[in-house]
file final_25.txt (compact mmCIF, C-alpha atoms)
# COMPACT_ATOMS: atom_id res chain seq x y z
CA MET A 1 73.39 82.28 109.94
CA ASP A 2 73.79 80.40 106.65
CA ILE A 3 77.56 80.54 106.18
CA GLN A 4 78.53 78.79 102.94
CA ALA A 5 82.28 79.51 102.72
CA VAL A 6 85.17 80.54 104.96
CA SER A 7 87.97 82.95 104.11
CA PHE A 8 91.18 82.99 106.14
CA ASP A 9 93.90 85.55 106.64
CA ALA A 10 97.40 84.03 106.35
CA GLY A 11 99.96 85.60 108.69
CA ASN A 12 99.35 84.89 112.39
CA THR A 13 96.08 83.16 111.46
CA LEU A 14 97.23 80.12 109.47
CA ILE A 15 101.01 80.50 109.74
CA ARG A 16 103.51 82.31 111.94
CA PRO A 17 107.28 83.01 111.79
CA ARG A 18 109.48 80.39 113.45
CA THR A 19 111.78 83.19 114.54
CA SER A 20 111.86 86.97 114.25
CA VAL A 21 112.53 88.80 110.99
CA GLY A 22 115.58 90.34 112.63
CA GLU A 23 117.09 86.96 113.43
CA VAL A 24 116.70 85.88 109.80
CA TYR A 25 118.36 89.14 108.69
CA ALA A 26 121.21 88.67 111.16
CA ALA A 27 121.81 85.06 110.10
CA ALA A 28 122.02 86.08 106.44
CA ALA A 29 124.45 88.88 107.29
CA ARG A 30 126.66 86.56 109.34
CA ARG A 31 126.81 84.04 106.48
CA HIS A 32 128.49 86.79 104.46
CA GLY A 33 130.89 87.87 107.17
CA VAL A 34 128.89 90.77 108.64
CA SER A 35 128.36 90.75 112.40
CA ALA A 36 124.76 91.68 113.24
CA ASP A 37 122.38 91.65 116.21
CA GLY A 38 119.03 89.97 115.48
CA VAL A 39 117.14 91.81 118.20
CA ALA A 40 118.36 95.21 117.02
CA LEU A 41 117.64 94.36 113.38
CA ASP A 42 114.13 93.20 114.25
CA ARG A 43 113.42 96.47 116.03
CA ARG A 44 114.83 98.43 113.09
CA PHE A 45 112.82 96.40 110.55
CA ARG A 46 109.58 97.10 112.42
CA GLU A 47 110.40 100.80 112.50
CA VAL A 48 111.19 101.02 108.79
CA PHE A 49 108.35 98.79 107.61
CA GLY A 50 105.88 100.65 109.82
CA ARG A 51 106.92 103.92 108.19
CA ARG A 52 106.97 102.61 104.63
CA ARG A 53 104.03 100.20 104.83
CA SER A 54 101.72 102.55 102.92
CA GLU A 55 104.17 102.61 99.98
CA PHE A 56 104.03 98.85 99.42
CA LEU A 57 100.88 98.44 97.36
CA PRO A 58 101.44 101.39 94.99
CA ALA A 59 105.02 100.25 94.47
CA VAL A 60 104.32 96.63 93.58
CA SER A 61 100.88 96.44 92.02
CA ARG A 62 100.55 99.17 89.38
CA PRO A 63 101.04 96.99 87.42
CA HIS A 64 101.99 94.03 89.56
CA SER A 65 105.20 92.16 88.89
CA PRO A 66 107.59 90.07 91.01
CA GLY A 67 110.35 92.44 89.90
CA ARG A 68 108.57 95.40 91.45
CA GLU A 69 108.09 93.42 94.67
CA ARG A 70 111.77 92.57 94.77
CA ALA A 71 112.76 96.20 94.16
CA PHE A 72 110.55 97.42 97.02
CA TRP A 73 112.03 94.92 99.49
CA ARG A 74 115.59 95.64 98.35
CA THR A 75 115.15 99.33 99.09
CA LEU A 76 113.57 98.58 102.47
CA VAL A 77 116.25 96.09 103.54
CA ALA A 78 119.01 98.49 102.49
CA GLU A 79 117.44 101.20 104.65
CA VAL A 80 117.30 98.81 107.61
CA PHE A 81 121.01 98.07 107.25
CA ARG A 82 121.93 101.74 106.83
CA LEU A 83 119.96 102.91 109.85
CA GLU A 84 121.38 100.09 111.94
CA GLY A 85 124.90 101.24 111.06
CA LEU A 86 125.79 98.11 109.10
CA TRP A 87 126.10 99.57 105.62
CA GLU A 88 129.81 100.33 105.77
CA THR A 89 130.67 96.70 106.50
CA ALA A 90 127.83 95.15 104.45
CA ALA A 91 127.78 97.26 101.28
CA HIS A 92 130.22 95.06 99.33
CA VAL A 93 128.15 91.91 100.04
CA PHE A 94 124.70 93.48 100.29
CA GLU A 95 123.40 92.02 97.01
CA ALA A 96 124.29 88.52 98.21
CA ILE A 97 122.70 89.13 101.62
CA PHE A 98 119.55 90.50 100.05
CA HIS A 99 119.32 87.60 97.61
CA ASP A 100 119.51 85.16 100.52
CA LEU A 101 116.83 87.08 102.43
CA TYR A 102 114.42 87.44 99.54
CA GLU A 103 114.67 83.75 98.72
CA ALA A 104 114.44 82.74 102.39
CA PHE A 105 111.11 84.48 102.86
CA ALA A 106 109.74 82.70 99.77
CA ARG A 107 110.49 79.29 101.29
CA PRO A 108 108.55 77.50 104.02
CA ASP A 109 111.59 77.28 106.34
CA PRO A 110 111.00 80.53 108.32
CA TRP A 111 107.31 79.69 108.80
CA GLU A 112 105.22 77.17 110.72
CA VAL A 113 101.55 76.20 110.63
CA PHE A 114 99.45 76.69 113.75
CA PRO A 115 98.40 73.30 115.17
CA ASP A 116 94.67 74.08 114.98
CA VAL A 117 94.75 74.74 111.21
CA GLY A 118 94.80 71.15 109.96
CA PRO A 119 91.91 69.89 112.12
CA CYS A 120 89.82 72.95 111.22
CA LEU A 121 90.37 72.51 107.49
CA ASP A 122 89.71 68.77 107.73
CA ALA A 123 86.37 69.40 109.43
CA LEU A 124 85.33 72.07 106.93
CA GLN A 125 86.34 69.87 104.01
CA ALA A 126 84.33 66.97 105.42
CA ARG A 127 81.29 69.25 105.43
CA GLY A 128 81.92 70.45 101.88
CA VAL A 129 82.57 74.06 102.95
CA PRO A 130 84.89 75.82 100.48
CA VAL A 131 87.83 77.65 102.05
CA VAL A 132 90.05 80.39 100.62
CA VAL A 133 92.86 82.71 101.70
CA VAL A 134 92.62 86.51 101.55
CA SER A 135 95.90 88.07 102.64
CA ASN A 136 97.86 91.32 102.63
CA TRP A 137 101.06 89.74 101.24
CA ASP A 138 103.18 89.62 98.12
CA SER A 139 103.25 86.86 95.52
CA ARG A 140 105.68 84.72 97.53
CA LEU A 141 102.77 83.58 99.69
CA HIS A 142 101.81 80.99 97.07
CA GLU A 143 105.17 79.23 97.34
CA ILE A 144 105.16 79.46 101.13
CA LEU A 145 101.76 77.81 101.42
CA LEU A 146 102.73 75.22 98.83
CA GLY A 147 105.88 74.33 100.75
CA LEU A 148 103.94 74.06 104.00
CA GLY A 149 101.43 71.67 102.44
CA LEU A 150 98.55 74.16 102.67
CA ARG A 151 98.11 75.52 99.15
CA GLU A 152 96.09 72.54 97.88
CA ARG A 153 93.69 72.87 100.82
CA PHE A 154 92.28 76.17 99.50
CA ARG A 155 90.15 76.87 96.46
CA PHE A 156 92.24 79.99 95.78
CA VAL A 157 94.70 82.36 97.44
CA LEU A 158 93.91 86.05 96.92
CA VAL A 159 97.00 88.19 97.54
CA SER A 160 96.76 91.96 97.91
CA ALA A 161 99.91 92.69 95.89
CA GLU A 162 98.53 90.83 92.90
CA PHE A 163 94.97 92.11 93.21
CA GLY A 164 95.88 95.75 93.80
CA ALA A 165 93.86 96.37 96.97
CA GLU A 166 94.43 95.27 100.52
CA LYS A 167 92.37 94.68 103.62
CA PRO A 168 90.42 96.52 105.03
CA ASP A 169 89.43 97.73 101.55
CA PRO A 170 86.07 96.04 100.83
CA ALA A 171 87.19 95.48 97.22
CA ILE A 172 89.42 92.54 98.07
CA PHE A 173 86.66 90.89 100.11
CA HIS A 174 84.13 91.47 97.32
CA GLU A 175 86.56 89.83 94.89
CA ALA A 176 86.83 86.80 97.16
CA ALA A 177 83.03 86.49 97.32
CA ARG A 178 82.81 86.87 93.54
CA ARG A 179 85.34 84.12 92.93
CA LEU A 180 83.53 81.89 95.41
CA GLY A 181 80.22 82.57 93.72
CA LYS A 182 78.69 83.45 97.09
CA ALA A 183 76.87 86.48 98.44
CA PRO A 184 79.20 88.32 100.87
CA ASP A 185 76.85 87.71 103.81
CA ARG A 186 77.27 83.98 103.27
CA VAL A 187 81.06 84.17 103.79
CA LEU A 188 82.87 84.11 107.13
CA HIS A 189 86.27 85.80 107.14
CA VAL A 190 88.68 84.91 109.95
CA GLY A 191 91.84 86.84 110.81
CA ASP A 192 93.99 88.10 113.66
CA LEU A 193 93.71 91.86 113.00
CA TYR A 194 90.59 93.70 114.12
CA ARG A 195 90.73 96.61 111.67
CA GLU A 196 91.95 94.74 108.59
CA ASP A 197 90.10 91.47 109.05
CA VAL A 198 87.04 92.03 111.24
CA LEU A 199 86.04 95.56 110.29
CA GLY A 200 87.15 95.13 106.67
CA ALA A 201 85.04 92.00 106.23
CA ARG A 202 82.04 93.65 107.87
CA ALA A 203 82.33 96.67 105.60
CA ALA A 204 82.14 94.29 102.64
CA GLY A 205 79.02 92.60 104.03
CA MET A 206 80.79 89.47 105.27
CA VAL A 207 80.82 88.08 108.79
CA GLY A 208 84.15 89.17 110.30
CA ALA A 209 85.68 87.01 113.02
CA LEU A 210 88.78 87.54 115.15
CA VAL A 211 91.15 84.68 115.88
CA ASP A 212 92.45 85.51 119.36
CA ARG A 213 94.53 82.58 120.57
CA GLN A 214 95.87 84.48 123.58
CA GLY A 215 92.49 85.82 124.64
CA ASP A 216 93.73 89.39 124.93
CA GLY A 217 92.54 90.89 121.63
CA PRO A 218 90.05 93.71 121.08
CA PRO A 219 86.34 92.99 121.51
CA ALA A 220 84.69 91.32 118.53
CA ARG A 221 81.19 89.92 118.15
CA VAL A 222 82.61 86.73 116.66
CA ARG A 223 85.83 85.51 118.23
CA PHE A 224 87.68 82.20 118.16
CA ARG A 225 90.38 81.15 120.60
CA ASP A 226 91.05 78.11 118.40
CA LEU A 227 90.26 77.58 114.72
CA ARG A 228 88.75 74.20 115.61
CA GLU A 229 85.79 76.20 116.98
CA ILE A 230 84.79 77.33 113.49
CA PRO A 231 82.91 74.19 112.33
CA GLY A 232 80.80 74.32 115.49
CA TYR A 233 80.04 77.98 114.89
CA LEU A 234 78.70 77.13 111.46
CA GLY A 235 76.13 74.87 113.13
call {"tool": "encode", "arguments": {"input": "final_25.txt", "output": "structure tokens"}}
result
Amino acid sequence: MDIQAVSFDAGNTLIRPRTSVGEVYAAAARRHGVSADGVALDRRFREVFGRRRSEFLPAVSRPHSPGRERAFWRTLVAEVFRLEGLWETAAHVFEAIFHDLYEAFARPDPWEVFPDVGPCLDALQARGVPVVVVSNWDSRLHEILLGLGLRERFRFVLVSAEFGAEKPDPAIFHEAARRLGKAPDRVLHVGDLYREDVLGARAAGMVGALVDRQGDGPPARVRFRDLREIPGYLG
């Protein structure tokens, strides 16, 4: 297969959280005098985000603006605190807590790069293979990747909130191929989610590959346990 470019998902493919979302929330609350349990907040965040996930793109991208992103996350975080029974004690300092949280998740501190990323990108660069990022994220991803020393490694970073469509919608994959100047079937897309990354890429005519570092993911025709396997796959 004549693969001429590689597209990567971001979260849990290139980078992962150093700690849970709930622990970051709890630490921010404690800095402002509000006692909070990180495990409980993490569970509550997953519940609320899972329920409101479908609202994200319409809320932030029509038209896109950082202000709309911030407003969406403020509403979501407030709901997490209310449902967790923290609002009565946190209401008077909520704006300060939210400011800390929103800024924290724009910095590299809560994130770390998987150890196989650097060697994989080095090998692809040595072969002249262009690499890009296609991610369901908001505009803060640019600053995160920059702070982690990854942004300059990629030709471009295509973020769903800015583009207005998210994986598995073929439109975002087609846009990546267009910007690369490649036919979709000459692009390999690698990500950790079977529906969004593998099936979405296939629907757009790309080769969809699953990164499955634990070896317990769903079946996929193309699967990597380690990103360092990718250059060998290209032949």
call {"tool": "closest_atom_pairs", "arguments": {"input": "final_25.txt", "of": "stretch 2-75 of chain A", "to": "stretch 206-212 of chain A", "cutoff": "10 Å", "atoms": "only C-alpha atoms", "output": "tab-separated table"}}
result
residue	atom	partner	partner_atom	distance
A:Ile3	CA	A:Val207	CA	8.6
A:Val6	CA	A:Val207	CA	9.5
A:Ser7	CA	A:Gly208	CA	9.6
A:Phe8	CA	A:Ala209	CA	9.7
A:Asp9	CA	A:Val211	CA	9.7
A:Asn12	CA	A:Val211	CA	8.9
A:Thr13	CA	A:Val211	CA	6.8
A:Leu14	CA	A:Val211	CA	9.9
call {"tool": "atom_distance", "arguments": {"input": "final_25.txt", "atom1": "atom CA of A:Ile15", "atom2": "atom CA of A:Glu166"}}
result
18.6 Å
call {"tool": "residues_around", "arguments": {"input": "final_25.txt", "residues": "A:Glu162", "least_positions_apart": "5", "cutoff": "10 Å", "atoms": "only C-alpha atoms", "output": "PyMOL selection string"}}
result
chain A and resi 57+60-66+136-139
call {"tool": "residues_near_point", "arguments": {"input": "final_25.txt", "point": "(78.3, 72.4, 110.7)", "cutoff": "10 Å", "atoms": "all atoms listed in the file", "output": "VMD selection string"}}
result
chain A and resid 3 123 to 124 126 to 129 230 to 235
call {"tool": "closest_residue", "arguments": {"input": "final_25.txt", "among": "A:Asp192, A:Pro108, A:Gly181, A:Ala59", "to": "A:Gly215", "atoms": "only C-alpha atoms"}}
result
A:Asp192
call {"tool": "residues_around", "arguments": {"input": "final_25.txt", "residues": "A:Glu23", "least_positions_apart": "3", "cutoff": "6 Å", "atoms": "only C-alpha atoms", "output": "JSON, numbers by chain"}}
result
{"A": [20, 26, 38]}
call {"tool": "residues_around", "arguments": {"input": "final_25.txt", "residues": "stretch 79-82 of chain A", "least_positions_apart": "6", "cutoff": "12 Å", "atoms": "only C-alpha atoms", "output": "PDB file with C-alpha atoms, keeping the file's coordinate frame"}}
result
ATOM      1  CA  VAL A  21     112.530  88.800 110.990  1.00  0.00           C
ATOM      2  CA  GLY A  22     115.580  90.340 112.630  1.00  0.00           C
ATOM      3  CA  TYR A  25     118.360  89.140 108.690  1.00  0.00           C
ATOM      4  CA  ALA A  26     121.210  88.670 111.160  1.00  0.00           C
ATOM      5  CA  ALA A  29     124.450  88.880 107.290  1.00  0.00           C
ATOM      6  CA  VAL A  34     128.890  90.770 108.640  1.00  0.00           C
ATOM      7  CA  SER A  35     128.360  90.750 112.400  1.00  0.00           C
ATOM      8  CA  ALA A  36     124.760  91.680 113.240  1.00  0.00           C
ATOM      9  CA  ASP A  37     122.380  91.650 116.210  1.00  0.00           C
ATOM     10  CA  GLY A  38     119.030  89.970 115.480  1.00  0.00           C
ATOM     11  CA  ALA A  40     118.360  95.210 117.020  1.00  0.00           C
ATOM     12  CA  LEU A  41     117.640  94.360 113.380  1.00  0.00           C
ATOM     13  CA  ASP A  42     114.130  93.200 114.250  1.00  0.00           C
ATOM     14  CA  ARG A  43     113.420  96.470 116.030  1.00  0.00           C
ATOM     15  CA  ARG A  44     114.830  98.430 113.090  1.00  0.00           C
ATOM     16  CA  PHE A  45     112.820  96.400 110.550  1.00  0.00           C
ATOM     17  CA  ARG A  46     109.580  97.100 112.420  1.00  0.00           C
ATOM     18  CA  GLU A  47     110.400 100.800 112.500  1.00  0.00           C
ATOM     19  CA  VAL A  48     111.190 101.020 108.790  1.00  0.00           C
ATOM     20  CA  PHE A  49     108.350  98.790 107.610  1.00  0.00           C
ATOM     21  CA  GLY A  50     105.880 100.650 109.820  1.00  0.00           C
ATOM     22  CA  ARG A  51     106.920 103.920 108.190  1.00  0.00           C
ATOM     23  CA  ARG A  52     106.970 102.610 104.630  1.00  0.00           C
ATOM     24  CA  PHE A  72     110.550  97.420  97.020  1.00  0.00           C
ATOM     25  CA  TRP A  73     112.030  94.920  99.490  1.00  0.00           C
ATOM     26  CA  GLU A  88     129.810 100.330 105.770  1.00  0.00           C
ATOM     27  CA  THR A  89     130.670  96.700 106.500  1.00  0.00           C
ATOM     28  CA  ALA A  90     127.830  95.150 104.450  1.00  0.00           C
ATOM     29  CA  ALA A  91     127.780  97.260 101.280  1.00  0.00           C
ATOM     30  CA  VAL A  93     128.150  91.910 100.040  1.00  0.00           C
ATOM     31  CA  PHE A  94     124.700  93.480 100.290  1.00  0.00           C
ATOM     32  CA  ILE A  97     122.700  89.130 101.620  1.00  0.00           C
ATOM     33  CA  PHE A  98     119.550  90.500 100.050  1.00  0.00           C
TER      34      PHE A  98
END
call {"tool": "atom_distance", "arguments": {"input": "final_25.txt", "atom1": "atom CA of A:Trp111", "atom2": "atom CA of A:Arg16"}}
result
5.6 Å
call {"tool": "axis_aligned_box", "arguments": {"input": "final_25.txt", "around": "stretch 179-190 of chain A", "padding_each_side": "5 Å", "output": "AutoDock Vina command-line options"}}
result
--center_x 82.8 --center_y 85.1 --center_z 101.4 --size_x 21.8 --size_y 16.4 --size_z 27.0
call {"tool": "residues_around", "arguments": {"input": "final_25.txt", "residues": "A:Ile144", "least_positions_apart": "2", "cutoff": "6 Å", "atoms": "all atoms listed in the file", "output": "PyMOL selection string"}}
result
chain A and resi 106-108+141-142+146-147
call {"tool": "atom_distance", "arguments": {"input": "final_25.txt", "atom1": "atom CA of A:Leu150", "atom2": "atom CA of A:Gln125"}}
result
13.0 Å
call {"tool": "closest_residue", "arguments": {"input": "final_25.txt", "among": "A:Gly164, A:His92, A:Val198, A:Arg151", "to": "A:Leu121", "atoms": "all atoms listed in the file"}}
result
A:Arg151
call {"tool": "residues_around", "arguments": {"input": "final_25.txt", "residues": "A:Pro115", "least_positions_apart": "2", "cutoff": "10 Å", "atoms": "all atoms listed in the file", "output": "ChimeraX atom specification"}}
result
/A:14-15,112-113,117-120,226-228
call {"tool": "closest_residue", "arguments": {"input": "final_25.txt", "among": "A:Asp216, A:Gln4, A:Phe114, A:Ser54", "to": "A:Leu148", "atoms": "all atoms listed in the file"}}
result
A:Phe114
call {"tool": "closest_residue", "arguments": {"input": "final_25.txt", "among": "A:Leu101, A:Ala161, A:Ala220, A:Val131", "to": "A:Arg179", "atoms": "only C-alpha atoms"}}
result
A:Val131
